[in-house]
file final.txt (compact mmCIF, C-alpha atoms)
# COMPACT_ATOMS: atom_id res chain seq x y z
CA MET A 1 6.02 37.28 -12.16
CA LYS A 2 7.34 33.78 -11.53
CA ILE A 3 9.77 35.23 -8.98
CA LEU A 4 6.87 36.96 -7.20
CA TYR A 5 4.76 33.82 -7.01
CA ARG A 6 7.71 31.74 -5.84
CA TYR A 7 8.18 34.33 -3.11
CA LEU A 8 4.50 34.08 -2.09
CA TYR A 9 4.51 30.26 -2.24
CA LYS A 10 7.60 30.24 -0.05
CA LYS A 11 5.88 32.43 2.52
CA LEU A 12 2.80 30.17 2.55
CA THR A 13 5.04 27.11 2.96
CA VAL A 14 6.86 28.68 5.91
CA TYR A 15 3.56 29.57 7.60
CA LEU A 16 2.27 26.02 7.14
CA LEU A 17 5.50 24.50 8.44
CA ILE A 18 5.03 26.57 11.59
CA LEU A 19 1.26 26.25 12.01
CA VAL A 20 0.73 22.54 11.31
CA PRO A 21 3.39 21.20 13.75
CA SER A 22 2.31 23.73 16.39
CA PHE A 23 -1.39 22.87 16.21
CA SER A 24 -0.59 19.14 15.93
CA PHE A 25 1.59 19.31 19.03
CA VAL A 26 -1.17 21.01 21.02
CA ALA A 27 -3.79 18.51 19.81
CA VAL A 28 -1.62 15.48 20.52
CA LEU A 29 -0.55 16.89 23.90
CA ALA A 30 -4.17 17.39 24.97
CA GLU A 31 -5.01 13.81 24.00
CA LEU A 32 -1.83 12.53 25.66
CA ILE A 33 -2.74 14.18 28.97
CA GLU A 34 -6.17 12.56 28.86
CA LEU A 35 -4.59 9.20 27.96
CA LEU A 36 -2.11 9.37 30.85
CA ARG A 37 -4.93 10.21 33.22
CA LYS A 38 -6.86 7.05 32.28
CA ALA A 39 -3.93 4.75 31.45
CA LYS A 40 -3.60 1.52 33.42
CA ASN A 41 -0.30 0.56 31.86
CA LEU A 42 2.33 3.31 31.84
CA ASP A 43 4.44 1.94 29.02
CA PHE A 44 6.16 5.12 27.83
CA THR A 45 7.40 3.47 24.63
CA ALA A 46 3.82 2.51 23.75
CA ILE A 47 2.61 6.00 24.65
CA LEU A 48 5.25 7.56 22.40
CA LEU A 49 4.30 5.27 19.51
CA TYR A 50 0.62 6.04 20.07
CA THR A 51 1.40 9.75 19.81
CA ILE A 52 3.31 9.24 16.56
CA TYR A 53 0.56 7.12 15.01
CA GLN A 54 -2.08 9.69 15.96
CA THR A 55 -0.23 12.51 14.22
CA PRO A 56 -1.43 11.81 10.61
CA GLU A 57 -5.07 12.02 11.74
CA LYS A 58 -4.41 15.26 13.62
CA ILE A 59 -2.76 16.73 10.53
CA TYR A 60 -5.77 15.69 8.44
CA TYR A 61 -8.09 17.85 10.56
CA ILE A 62 -5.62 20.67 11.19
CA LEU A 63 -4.34 21.21 7.63
CA PRO A 64 -7.48 22.93 6.20
CA VAL A 65 -7.64 25.43 9.08
CA SER A 66 -3.89 26.00 8.90
CA MET A 67 -4.20 26.71 5.18
CA VAL A 68 -6.76 29.47 5.83
CA ILE A 69 -4.63 30.98 8.60
CA ALA A 70 -1.54 30.85 6.34
CA PHE A 71 -3.42 32.85 3.69
CA PHE A 72 -4.58 35.30 6.36
CA LEU A 73 -1.02 35.77 7.67
CA LEU A 74 0.29 36.23 4.13
CA ALA A 75 -2.23 38.98 3.41
CA LYS A 76 -1.55 40.78 6.69
CA ASP A 77 2.20 40.51 6.16
CA LEU A 78 1.97 42.00 2.65
CA ILE A 79 -0.26 44.82 3.88
CA ASN A 80 1.72 45.65 7.02
CA SER A 81 5.06 45.59 5.16
CA ARG A 82 3.39 47.58 2.34
CA GLU A 83 4.75 45.05 -0.18
CA ILE A 84 1.27 44.69 -1.64
CA TYR A 85 1.23 48.24 -3.06
CA PRO A 86 4.10 47.93 -5.58
CA ILE A 87 2.64 44.55 -6.60
CA LEU A 88 -0.74 46.14 -7.35
CA LEU A 89 0.79 49.20 -8.98
CA ASN A 90 2.58 46.90 -11.44
CA GLY A 91 -0.77 45.83 -12.86
CA LEU A 92 -1.57 42.75 -10.73
CA SER A 93 -5.03 42.72 -9.15
CA LEU A 94 -6.01 40.89 -5.98
CA LYS A 95 -8.11 38.58 -8.18
CA LYS A 96 -5.16 37.64 -10.38
CA ILE A 97 -2.90 37.10 -7.37
CA GLY A 98 -5.52 34.86 -5.80
CA PHE A 99 -6.07 32.88 -9.01
CA SER A 100 -2.36 32.01 -9.10
CA LEU A 101 -2.10 31.35 -5.37
CA PHE A 102 -4.93 28.79 -5.42
CA ILE A 103 -2.49 26.33 -6.98
CA PHE A 104 -0.90 26.05 -3.54
CA PRO A 105 -4.01 24.85 -1.60
CA ALA A 106 -4.82 22.56 -4.53
CA PHE A 107 -1.41 20.95 -4.00
CA VAL A 108 -2.07 20.77 -0.24
CA SER A 109 -5.41 19.06 -0.95
CA GLY A 110 -3.46 16.47 -2.94
CA ILE A 111 -1.25 15.87 0.09
CA GLN A 112 -4.41 15.61 2.18
CA ILE A 113 -5.74 12.86 -0.10
CA LEU A 114 -2.45 10.91 -0.01
CA ASN A 115 -2.36 11.16 3.79
CA HIS A 116 -5.96 10.01 4.11
CA GLU A 117 -5.69 7.12 1.66
CA PHE A 118 -2.23 5.70 2.30
CA VAL A 119 -0.92 6.91 5.68
CA MET A 120 -3.91 7.26 8.00
CA PRO A 121 -5.43 3.75 7.62
CA GLN A 122 -2.35 1.90 8.89
CA ALA A 123 -1.45 4.61 11.41
CA LYS A 124 -4.96 4.58 12.88
CA LYS A 125 -4.95 0.79 13.09
CA ASN A 126 -1.62 0.81 14.95
CA ALA A 127 -2.82 3.59 17.27
CA GLU A 128 -5.96 1.63 18.22
CA GLU A 129 -3.94 -1.51 18.99
CA ILE A 130 -1.54 0.44 21.22
CA TYR A 131 -4.48 2.23 22.88
CA ARG A 132 -5.96 -1.12 23.93
CA ILE A 133 -2.60 -2.17 25.38
CA ILE A 134 -2.22 1.05 27.36
CA LYS A 135 -5.74 0.90 28.77
CA LYS A 136 -5.72 -2.91 29.05
CA LYS A 137 -8.95 -3.15 27.09
CA THR A 138 -10.10 -6.11 25.08
CA LYS A 139 -10.70 -5.66 21.42
CA SER A 140 -13.94 -3.78 20.87
CA GLU A 141 -16.70 -5.70 19.15
CA PRO A 142 -16.74 -4.94 15.44
CA LEU A 143 -19.91 -4.74 13.40
CA ILE A 144 -19.12 -6.79 10.31
CA ALA A 145 -16.26 -8.76 8.80
CA TYR A 146 -15.90 -9.92 5.23
CA SER A 147 -13.73 -11.96 2.88
CA SER A 148 -11.92 -13.79 5.69
CA TRP A 149 -10.38 -17.22 6.28
CA VAL A 150 -10.52 -18.73 9.79
CA THR A 151 -8.62 -21.81 11.02
CA ILE A 152 -10.99 -23.98 13.06
CA ASP A 153 -8.41 -26.72 13.75
CA LYS A 154 -5.25 -28.04 12.10
CA ARG A 155 -7.17 -29.58 9.22
CA THR A 156 -10.40 -27.57 9.05
CA PHE A 157 -10.71 -24.10 7.54
CA LEU A 158 -13.65 -21.76 7.19
CA TYR A 159 -14.18 -18.91 4.74
CA PHE A 160 -17.05 -16.43 4.65
CA SER A 161 -17.89 -13.58 2.30
CA PHE A 162 -19.84 -11.66 4.92
CA PHE A 163 -20.37 -12.10 8.67
CA ASP A 164 -22.41 -9.98 11.10
CA LEU A 165 -20.73 -10.53 14.46
CA ARG A 166 -23.64 -9.14 16.42
CA LYS A 167 -26.36 -11.22 14.81
CA LYS A 168 -23.93 -14.16 14.50
CA GLU A 169 -25.03 -14.77 10.93
CA GLY A 170 -23.50 -14.34 7.54
CA LYS A 171 -23.42 -15.27 3.86
CA GLY A 172 -21.13 -16.98 1.39
CA LEU A 173 -19.74 -19.77 3.60
CA THR A 174 -17.14 -22.38 2.59
CA ILE A 175 -15.74 -25.05 4.91
CA LEU A 176 -12.75 -27.19 3.88
CA ARG A 177 -11.55 -30.27 5.76
CA TYR A 178 -8.35 -32.22 5.03
CA ASP A 179 -7.04 -35.61 6.13
CA ARG A 180 -3.71 -36.22 7.90
CA ASN A 181 -1.86 -36.08 4.59
CA PHE A 182 -3.55 -32.77 3.87
CA ASN A 183 -5.67 -34.14 1.05
CA PRO A 184 -9.14 -32.57 0.77
CA VAL A 185 -11.88 -34.89 2.02
CA ILE A 186 -14.90 -32.61 2.31
CA ARG A 187 -16.04 -29.22 1.06
CA ILE A 188 -19.22 -27.56 2.30
CA GLU A 189 -20.68 -24.48 0.66
CA GLY A 190 -23.69 -22.46 1.78
CA LYS A 191 -25.40 -19.26 0.73
CA SER A 192 -26.12 -18.27 4.32
CA PHE A 193 -25.22 -19.47 7.80
CA LYS A 194 -25.75 -18.80 11.48
CA ILE A 195 -23.56 -19.76 14.42
CA ASP A 196 -25.33 -20.98 17.56
CA LYS A 197 -22.69 -23.20 19.19
CA GLU A 198 -22.81 -25.22 15.97
CA ILE A 199 -22.82 -23.86 12.41
CA HIS A 200 -26.28 -23.89 10.80
CA ILE A 201 -25.95 -23.65 7.02
CA LYS A 202 -28.73 -22.88 4.53
CA ASN A 203 -29.04 -23.62 0.80
CA GLY A 204 -25.78 -25.24 -0.09
CA LYS A 205 -23.98 -28.39 -1.09
CA ILE A 206 -21.58 -30.95 0.35
CA ILE A 207 -18.78 -32.36 -1.77
CA THR A 208 -17.26 -35.53 -0.33
CA ILE A 209 -13.94 -36.69 -1.80
CA ASN A 210 -13.14 -40.32 -1.07
CA SER A 211 -10.68 -40.58 -3.97
CA LEU A 212 -10.07 -38.94 -7.34
CA SER A 213 -12.55 -41.37 -8.89
CA ASN A 214 -15.07 -41.24 -6.05
CA ILE A 215 -16.44 -37.74 -5.55
CA ASN A 216 -19.98 -37.27 -4.27
CA LEU A 217 -22.09 -34.10 -4.35
CA LYS A 218 -25.22 -33.57 -2.28
CA LYS A 219 -27.35 -30.45 -2.15
CA PHE A 220 -29.24 -29.40 0.97
CA SER A 221 -31.61 -26.69 2.15
CA SER A 222 -30.47 -26.97 5.76
CA PHE A 223 -27.39 -28.54 7.33
CA VAL A 224 -25.71 -28.44 10.74
CA PHE A 225 -21.94 -28.67 10.73
CA PRO A 226 -20.96 -30.77 13.80
CA GLU A 227 -18.32 -28.38 15.10
CA LYS A 228 -18.72 -26.52 18.39
CA MET A 229 -18.20 -22.82 17.73
CA ASP A 230 -17.90 -20.01 20.28
CA VAL A 231 -18.46 -16.65 18.56
CA GLU A 232 -16.56 -14.81 21.29
CA ASN A 233 -13.47 -16.92 20.57
CA LEU A 234 -14.13 -16.69 16.85
CA LYS A 235 -13.93 -12.89 17.05
CA LYS A 236 -10.32 -13.21 18.16
CA LEU A 237 -9.49 -15.14 14.98
CA ILE A 238 -11.25 -12.84 12.54
CA LYS A 239 -9.29 -10.00 11.03
CA VAL A 240 -11.85 -7.21 10.99
CA LYS A 241 -11.19 -4.62 8.31
CA LYS A 242 -12.27 -1.32 9.83
CA PRO A 243 -12.69 1.14 6.95
CA VAL A 244 -10.83 4.44 7.20
CA SER A 245 -9.82 5.52 3.71
CA ILE A 246 -12.28 6.52 0.98
CA ARG A 247 -11.47 3.34 -0.96
CA GLN A 248 -12.09 1.15 2.10
CA LEU A 249 -15.38 2.91 2.86
CA TYR A 250 -16.53 2.46 -0.75
CA ARG A 251 -15.66 -1.24 -0.69
CA SER A 252 -17.43 -1.75 2.65
CA ALA A 253 -20.53 0.05 1.38
CA LYS A 254 -20.69 -2.09 -1.78
CA ILE A 255 -20.18 -5.32 0.18
CA ALA A 256 -22.84 -4.33 2.72
CA GLU A 257 -25.29 -3.60 -0.09
CA LYS A 258 -24.46 -6.86 -1.83
CA PHE A 259 -25.37 -8.89 1.25
CA GLY A 260 -28.41 -6.84 2.27
CA TYR A 261 -26.72 -5.11 5.20
CA PRO A 262 -27.39 -1.40 6.01
CA SER A 263 -24.79 0.57 4.09
CA ALA A 264 -25.82 4.13 4.98
CA TYR A 265 -23.04 4.47 7.56
CA TYR A 266 -20.32 3.67 5.02
CA TRP A 267 -21.79 5.79 2.20
CA SER A 268 -22.25 8.83 4.45
CA LYS A 269 -18.70 8.51 5.78
CA MET A 270 -17.29 8.11 2.29
CA TYR A 271 -19.03 11.22 0.94
CA SER A 272 -18.07 13.13 4.08
CA LYS A 273 -14.41 12.23 3.52
CA LEU A 274 -14.64 13.14 -0.17
CA SER A 275 -16.01 16.51 0.88
CA THR A 276 -13.37 17.27 3.49
CA VAL A 277 -10.20 16.07 1.71
CA ILE A 278 -10.58 19.02 -0.66
CA ALA A 279 -11.29 21.39 2.24
CA PRO A 280 -7.91 23.23 1.97
CA LEU A 281 -8.80 24.36 -1.57
CA ILE A 282 -12.48 25.05 -0.84
CA LEU A 283 -11.78 27.08 2.30
CA SER A 284 -8.86 28.97 0.79
CA PHE A 285 -11.03 30.12 -2.12
CA SER A 286 -13.99 30.91 0.14
CA PHE A 287 -12.02 33.02 2.60
CA TYR A 288 -9.64 34.69 0.16
CA PRO A 289 -11.79 37.83 -0.28
CA PHE A 290 -12.07 38.25 3.50
CA ILE A 291 -8.36 38.08 4.32
CA TRP A 292 -7.72 41.44 2.60
CA SER A 293 -10.16 43.30 4.80
CA ARG A 294 -8.63 45.52 7.48
CA LYS A 295 -11.71 45.38 9.68
CA LYS A 296 -11.16 43.77 13.09
CA SER A 297 -14.43 41.90 12.77
CA THR A 298 -12.95 39.90 9.86
CA ILE A 299 -11.19 37.48 12.24
CA VAL A 300 -14.49 36.78 14.00
CA ILE A 301 -16.25 36.20 10.66
CA ILE A 302 -13.52 33.79 9.48
CA ALA A 303 -13.58 31.86 12.78
CA PHE A 304 -17.39 31.65 12.66
CA LEU A 305 -17.40 30.42 9.05
CA LEU A 306 -14.69 27.83 9.81
CA LEU A 307 -16.73 26.40 12.67
CA GLY A 308 -19.81 26.49 10.49
CA TYR A 309 -18.07 24.50 7.76
CA TRP A 310 -17.05 21.60 10.01
CA TYR A 311 -20.28 21.45 12.04
CA SER A 312 -22.43 21.68 8.91
CA THR A 313 -20.49 18.89 7.22
CA ALA A 314 -20.82 16.69 10.31
CA PHE A 315 -24.55 17.48 10.58
CA LEU A 316 -25.24 16.64 6.93
CA SER A 317 -23.20 13.45 7.27
CA THR A 318 -25.45 12.40 10.17
CA MET A 319 -28.55 13.28 8.11
CA ALA A 320 -27.24 11.21 5.20
CA GLN A 321 -26.49 8.30 7.52
CA SER A 322 -30.14 8.37 8.61
CA ASN A 323 -31.26 8.49 4.95
CA VAL A 324 -32.93 11.88 5.52
CA ILE A 325 -30.95 13.40 2.64
CA PRO A 326 -29.07 11.81 -0.30
CA TYR A 327 -25.41 10.99 0.36
CA TYR A 328 -24.21 13.54 -2.16
CA GLY A 329 -26.16 16.18 -0.19
CA ILE A 330 -23.08 16.43 2.03
CA PHE A 331 -21.43 18.40 -0.78
CA ALA A 332 -24.01 21.16 -0.21
CA VAL A 333 -21.66 22.75 2.34
CA ASP A 334 -18.81 22.90 -0.18
CA VAL A 335 -21.13 24.33 -2.84
CA VAL A 336 -22.43 27.04 -0.48
CA TYR A 337 -18.92 28.06 0.56
CA VAL A 338 -17.66 28.12 -3.02
CA LEU A 339 -20.61 30.31 -4.06
CA LEU A 340 -19.99 32.58 -1.07
CA GLY A 341 -16.35 32.95 -2.04
CA LEU A 342 -17.27 33.51 -5.69
CA VAL A 343 -19.67 36.36 -4.85
CA PHE A 344 -17.10 38.22 -2.75
CA TYR A 345 -14.24 37.30 -5.10
CA ARG A 346 -15.98 39.08 -7.98
CA LYS A 347 -16.40 42.19 -5.80
CA LEU A 348 -12.79 42.17 -4.60
CA LYS A 349 -11.06 45.46 -5.42
CA PHE A 350 -8.03 47.48 -4.43
CA SER A 351 -10.28 49.68 -2.27
CA GLU A 352 -10.73 46.74 0.10
CA LEU A 353 -7.30 47.61 1.48
call {"tool": "encode", "arguments": {"input": "final.txt", "output": "structure tokens"}}
result
Amino acid sequence: MKILYRYLYKKLTVYLLILVPSFSFVAVLAELIELLRKAKNLDFTAILLYTIYQTPEKIYYILPVSMVIAFFLLAKDLINSREIYPILLNGLSLKKIGFSLFIFPAFVSGIQILNHEFVMPQAKKNAEEIYRIIKKKTKSEPLIAYSSWVTIDKRTFLYFSFFDLRKKEGKGLTILRYDRNFNPVIRIEGKSFKIDKEIHIKNGKIITINSLSNINLKKFSSFVFPEKMDVENLKKLIKVKKPVSIRQLYRSAKIAEKFGYPSAYYWSKMYSKLSTVIAPLILSFSFYPFIWSRKKSTIVIIAFLLLGYWYSTAFLSTMAQSNVIPYYGIFAVDVVYVLLGLVFYRKLKFSEL
């Protein structure tokens, strides 16, 4: 039986190696045409790099659908070549074949997770930077930044735990100033701050260091740091960490909650990603009973259910972001599809052929 399953795994691998590059090429080409139409800087090297960096994200969305199509092609190939009949006559049922084949989409889901967590974040960041160069656009205004150091001048440095760039206010501020010999002379800490040309700091303390034996500490409820600050210029210095991976979304959600900032966007995105990274396994199991049907309407049913999966997940993610449903409610789509597959899987018989 190991030889049989190796044979089936090999077929699935070949189908994926054909489907994924083909669909990715079409998706990237469509985006490339639109990019060239709007581009103001025809730097073909940059355009090529942009295409390469966009590929991991395209694969992320294409892989689950390709997995379902690969299973469908495998079933049709076995039926049309009549290879399925000696397999079944040797005591293997469609259920047992499917149970062993599900190891393959489980492995693909693992690849999906690795791509999403380790490849996509950096690739997406590089693609966005190149996109701004091609279209000659300034860096889009981010929502929040956190855990960042900013150099104000050669001897003054600013650190914040959390900063809302739209409201121009944040929390967890530390300002360090050094003398010409780079010895610390002043340290200012504040629980909250707001930038309005100058830096307005609330509930903090000032530590003045005249010498090792002369250190003064003074607490304050309100203090204005005499340094002219332009938030628009400050944005250029801040390294904004745009969350892409599940880990980054989780960290952003926890930080937003910690500082009283709306975190629904990050939680809904995180649960949505958790739901879809296992889509190759979920969809393969759900559609397995249908791929053995010889009815022409089966293709329409599979296409309809595929569209329903993605649109339903996106809809529930939006609902979760608006706090209409709990964040884990996004998994309802996966649960429904697994139950659907389970019902038909239990009814799957040789007569289906």
call {"tool": "closest_atom_pairs", "arguments": {"input": "final.txt", "of": "stretch 74-159 of chain A", "to": "stretch 325-346 of chain A", "cutoff": "10 Å", "atoms": "all atoms listed in the file", "output": "Markdown table"}}
result
| residue | atom | partner | partner_atom | distance |
| --- | --- | --- | --- | --- |
| A:Leu94 | CA | A:Tyr345 | CA | 9.0 |
| A:Lys95 | CA | A:Tyr345 | CA | 7.0 |
| A:Gly98 | CA | A:Tyr345 | CA | 9.1 |
call {"tool": "residues_around", "arguments": {"input": "final.txt", "residues": "stretch 239-254 of chain A", "least_positions_apart": "6", "cutoff": "6 Å", "atoms": "only C-alpha atoms", "output": "PyMOL selection string"}}
result
chain A and resi 116-117+121+145+263+266-267+270
call {"tool": "write_last_selection", "arguments": {"input": "final.txt", "atoms": "C-alpha atoms", "output": "compact mmCIF listing (two decimals), in the coordinates of the input"}}
result
# COMPACT_ATOMS: atom_id res chain seq x y z
CA HIS A 116 -5.96 10.01 4.11
CA GLU A 117 -5.69 7.12 1.66
CA PRO A 121 -5.43 3.75 7.62
CA ALA A 145 -16.26 -8.76 8.80
CA SER A 263 -24.79 0.57 4.09
CA TYR A 266 -20.32 3.67 5.02
CA TRP A 267 -21.79 5.79 2.20
CA MET A 270 -17.29 8.11 2.29
call {"tool": "closest_residue", "arguments": {"input": "final.txt", "among": "A:Ala106, A:Val20, A:Ile130, A:Ile62", "to": "A:Ala46", "atoms": "all atoms listed in the file"}}
result
A:Ile130
call {"tool": "atom_distance", "arguments": {"input": "final.txt", "atom1": "atom CA of A:Phe287", "atom2": "atom CA of A:Tyr60"}}
result
19.3 Å
call {"tool": "residues_around", "arguments": {"input": "final.txt", "residues": "stretch 11-17 of chain A", "least_positions_apart": "4", "cutoff": "8 Å", "atoms": "only C-alpha atoms", "output": "number ranges by chain"}}
result
A: 7, 21, 66-67, 70-71, 73-74
call {"tool": "residues_around", "arguments": {"input": "final.txt", "residues": "A:Thr151", "least_positions_apart": "6", "cutoff": "10 Å", "atoms": "all atoms listed in the file", "output": "PDB file with C-alpha atoms, keeping the file's coordinate frame"}}
result
ATOM      1  CA  PHE A 157     -10.710 -24.100   7.540  1.00  0.00           C
ATOM      2  CA  LEU A 158     -13.650 -21.760   7.190  1.00  0.00           C
ATOM      3  CA  TYR A 159     -14.180 -18.910   4.740  1.00  0.00           C
ATOM      4  CA  ILE A 175     -15.740 -25.050   4.910  1.00  0.00           C
ATOM      5  CA  LEU A 176     -12.750 -27.190   3.880  1.00  0.00           C
ATOM      6  CA  LEU A 234     -14.130 -16.690  16.850  1.00  0.00           C
ATOM      7  CA  LEU A 237      -9.490 -15.140  14.980  1.00  0.00           C
ATOM      8  CA  ILE A 238     -11.250 -12.840  12.540  1.00  0.00           C
TER       9      ILE A 238
END
call {"tool": "residues_around", "arguments": {"input": "final.txt", "residues": "A:Ser221", "least_positions_apart": "3", "cutoff": "10 Å", "atoms": "all atoms listed in the file", "output": "ChimeraX atom specification"}}
result
/A:190-191,201-205
call {"tool": "closest_residue", "arguments": {"input": "final.txt", "among": "A:Lys96, A:Lys347, A:Lys38, A:Lys194", "to": "A:Lys171", "atoms": "all atoms listed in the file"}}
result
A:Lys194
call {"tool": "residues_around", "arguments": {"input": "final.txt", "residues": "A:Phe23", "least_positions_apart": "6", "cutoff": "10 Å", "atoms": "all atoms listed in the file", "output": "ChimeraX atom specification"}}
result
/A:29,58-59,62-63,65-66
call {"tool": "write_last_selection", "arguments": {"input": "final.txt", "atoms": "C-alpha atoms", "output": "PDB file, in the coordinates of the input"}}
result
ATOM      1  CA  LEU A  29      -0.550  16.890  23.900  1.00  0.00           C
ATOM      2  CA  LYS A  58      -4.410  15.260  13.620  1.00  0.00           C
ATOM      3  CA  ILE A  59      -2.760  16.730  10.530  1.00  0.00           C
ATOM      4  CA  ILE A  62      -5.620  20.670  11.190  1.00  0.00           C
ATOM      5  CA  LEU A  63      -4.340  21.210   7.630  1.00  0.00           C
ATOM      6  CA  VAL A  65      -7.640  25.430   9.080  1.00  0.00           C
ATOM      7  CA  SER A  66      -3.890  26.000   8.900  1.00  0.00           C
TER       8      SER A  66
END
call {"tool": "residues_near_point", "arguments": {"input": "final.txt", "point": "(-17.9, -22.1, 14.6)", "cutoff": "8 Å", "atoms": "only C-alpha atoms", "output": "short mmCIF file (atom, residue, chain, number, x, y, z; two decimals) with C-alpha atoms, in the frame of the given file"}}
result
data_model
loop_
_atom_site.label_atom_id
_atom_site.label_comp_id
_atom_site.auth_asym_id
_atom_site.auth_seq_id
_atom_site.Cartn_x
_atom_site.Cartn_y
_atom_site.Cartn_z
CA ILE A 152 -10.99 -23.98 13.06
CA ILE A 195 -23.56 -19.76 14.42
CA LYS A 197 -22.69 -23.20 19.19
CA GLU A 198 -22.81 -25.22 15.97
CA ILE A 199 -22.82 -23.86 12.41
CA GLU A 227 -18.32 -28.38 15.10
CA LYS A 228 -18.72 -26.52 18.39
CA MET A 229 -18.20 -22.82 17.73
CA ASP A 230 -17.90 -20.01 20.28
CA VAL A 231 -18.46 -16.65 18.56
CA LEU A 234 -14.13 -16.69 16.85
#
call {"tool": "closest_residue", "arguments": {"input": "final.txt", "among": "A:Thr51, A:Ser148, A:Thr313, A:Asn216", "to": "A:Ala30", "atoms": "all atoms listed in the file"}}
result
A:Thr51
call {"tool": "residues_near_point", "arguments": {"input": "final.txt", "point": "(-19.3, -18.4, 4.0)", "cutoff": "6 Å", "atoms": "all atoms listed in the file", "output": "MDAnalysis selection string"}}
result
chainID A and resid 159:161 171:174
call {"tool": "atom_distance", "arguments": {"input": "final.txt", "atom1": "atom CA of A:Ser272", "atom2": "atom CA of A:Leu114"}}
result
16.3 Å
call {"tool": "atom_distance", "arguments": {"input": "final.txt", "atom1": "atom CA of A:Pro56", "atom2": "atom CA of A:Lys124"}}
result
8.4 Å
call {"tool": "closest_residue", "arguments": {"input": "final.txt", "among": "A:Ala264, A:Ile111, A:Leu78, A:Leu88", "to": "A:Met319", "atoms": "all atoms listed in the file"}}
result
A:Ala264
call {"tool": "closest_residue", "arguments": {"input": "final.txt", "among": "A:Phe225, A:Val108, A:Ala39, A:Tyr131", "to": "A:Thr156", "atoms": "only C-alpha atoms"}}
result
A:Phe225
call {"tool": "closest_residue", "arguments": {"input": "final.txt", "among": "A:Ile209, A:Leu165, A:Leu48, A:Leu283", "to": "A:Leu307", "atoms": "only C-alpha atoms"}}
result
A:Leu283
call {"tool": "decode", "arguments": {"input": "final.txt", "residues": "stretch 35-50 of chain A", "atoms": "N, CA and C atoms", "output": "PDB file, in the first residue's frame"}}
result
ATOM      1  N   LEU A  35      -0.371  47.784 -12.699  1.00  0.00           N
ATOM      2  CA  LEU A  35       0.730  48.600 -12.169  1.00  0.00           C
ATOM      3  C   LEU A  35       1.390  49.414 -13.279  1.00  0.00           C
ATOM      4  N   LEU A  36       1.630  48.782 -14.416  1.00  0.00           N
ATOM      5  CA  LEU A  36       2.259  49.480 -15.552  1.00  0.00           C
ATOM      6  C   LEU A  36       1.358  50.590 -16.075  1.00  0.00           C
ATOM      7  N   ARG A  37       0.064  50.372 -15.985  1.00  0.00           N
ATOM      8  CA  ARG A  37      -0.875  51.384 -16.470  1.00  0.00           C
ATOM      9  C   ARG A  37      -0.837  52.651 -15.615  1.00  0.00           C
ATOM     10  N   LYS A  38      -0.589  52.477 -14.306  1.00  0.00           N
ATOM     11  CA  LYS A  38      -0.598  53.620 -13.391  1.00  0.00           C
ATOM     12  C   LYS A  38       0.804  54.101 -13.022  1.00  0.00           C
ATOM     13  N   ALA A  39       1.833  53.348 -13.409  1.00  0.00           N
ATOM     14  CA  ALA A  39       3.202  53.666 -12.982  1.00  0.00           C
ATOM     15  C   ALA A  39       3.661  55.009 -13.520  1.00  0.00           C
ATOM     16  N   LYS A  40       4.366  55.762 -12.681  1.00  0.00           N
ATOM     17  CA  LYS A  40       4.947  57.036 -13.086  1.00  0.00           C
ATOM     18  C   LYS A  40       6.466  56.927 -13.233  1.00  0.00           C
ATOM     19  N   ASN A  41       6.985  55.789 -12.844  1.00  0.00           N
ATOM     20  CA  ASN A  41       8.428  55.568 -12.938  1.00  0.00           C
ATOM     21  C   ASN A  41       8.661  54.163 -13.481  1.00  0.00           C
ATOM     22  N   LEU A  42       8.923  54.050 -14.765  1.00  0.00           N
ATOM     23  CA  LEU A  42       9.089  52.751 -15.415  1.00  0.00           C
ATOM     24  C   LEU A  42      10.495  52.194 -15.184  1.00  0.00           C
ATOM     25  N   ASP A  43      10.742  51.831 -13.952  1.00  0.00           N
ATOM     26  CA  ASP A  43      11.990  51.179 -13.582  1.00  0.00           C
ATOM     27  C   ASP A  43      11.735  49.666 -13.659  1.00  0.00           C
ATOM     28  N   PHE A  44      12.181  49.038 -14.741  1.00  0.00           N
ATOM     29  CA  PHE A  44      11.844  47.639 -14.970  1.00  0.00           C
ATOM     30  C   PHE A  44      12.483  46.701 -13.945  1.00  0.00           C
ATOM     31  N   THR A  45      13.626  47.100 -13.393  1.00  0.00           N
ATOM     32  CA  THR A  45      14.232  46.297 -12.326  1.00  0.00           C
ATOM     33  C   THR A  45      13.340  46.309 -11.086  1.00  0.00           C
ATOM     34  N   ALA A  46      12.839  47.506 -10.749  1.00  0.00           N
ATOM     35  CA  ALA A  46      11.943  47.630  -9.595  1.00  0.00           C
ATOM     36  C   ALA A  46      10.648  46.862  -9.837  1.00  0.00           C
ATOM     37  N   ILE A  47      10.138  46.923 -11.057  1.00  0.00           N
ATOM     38  CA  ILE A  47       8.900  46.215 -11.391  1.00  0.00           C
ATOM     39  C   ILE A  47       9.102  44.704 -11.276  1.00  0.00           C
ATOM     40  N   LEU A  48      10.252  44.222 -11.725  1.00  0.00           N
ATOM     41  CA  LEU A  48      10.551  42.795 -11.621  1.00  0.00           C
ATOM     42  C   LEU A  48      10.646  42.368 -10.157  1.00  0.00           C
ATOM     43  N   LEU A  49      11.328  43.170  -9.342  1.00  0.00           N
ATOM     44  CA  LEU A  49      11.452  42.860  -7.918  1.00  0.00           C
ATOM     45  C   LEU A  49      10.087  42.887  -7.231  1.00  0.00           C
ATOM     46  N   TYR A  50       9.270  43.856  -7.625  1.00  0.00           N
ATOM     47  CA  TYR A  50       7.917  43.950  -7.054  1.00  0.00           C
ATOM     48  C   TYR A  50       7.131  42.675  -7.353  1.00  0.00           C
TER      49      TYR A  50
END
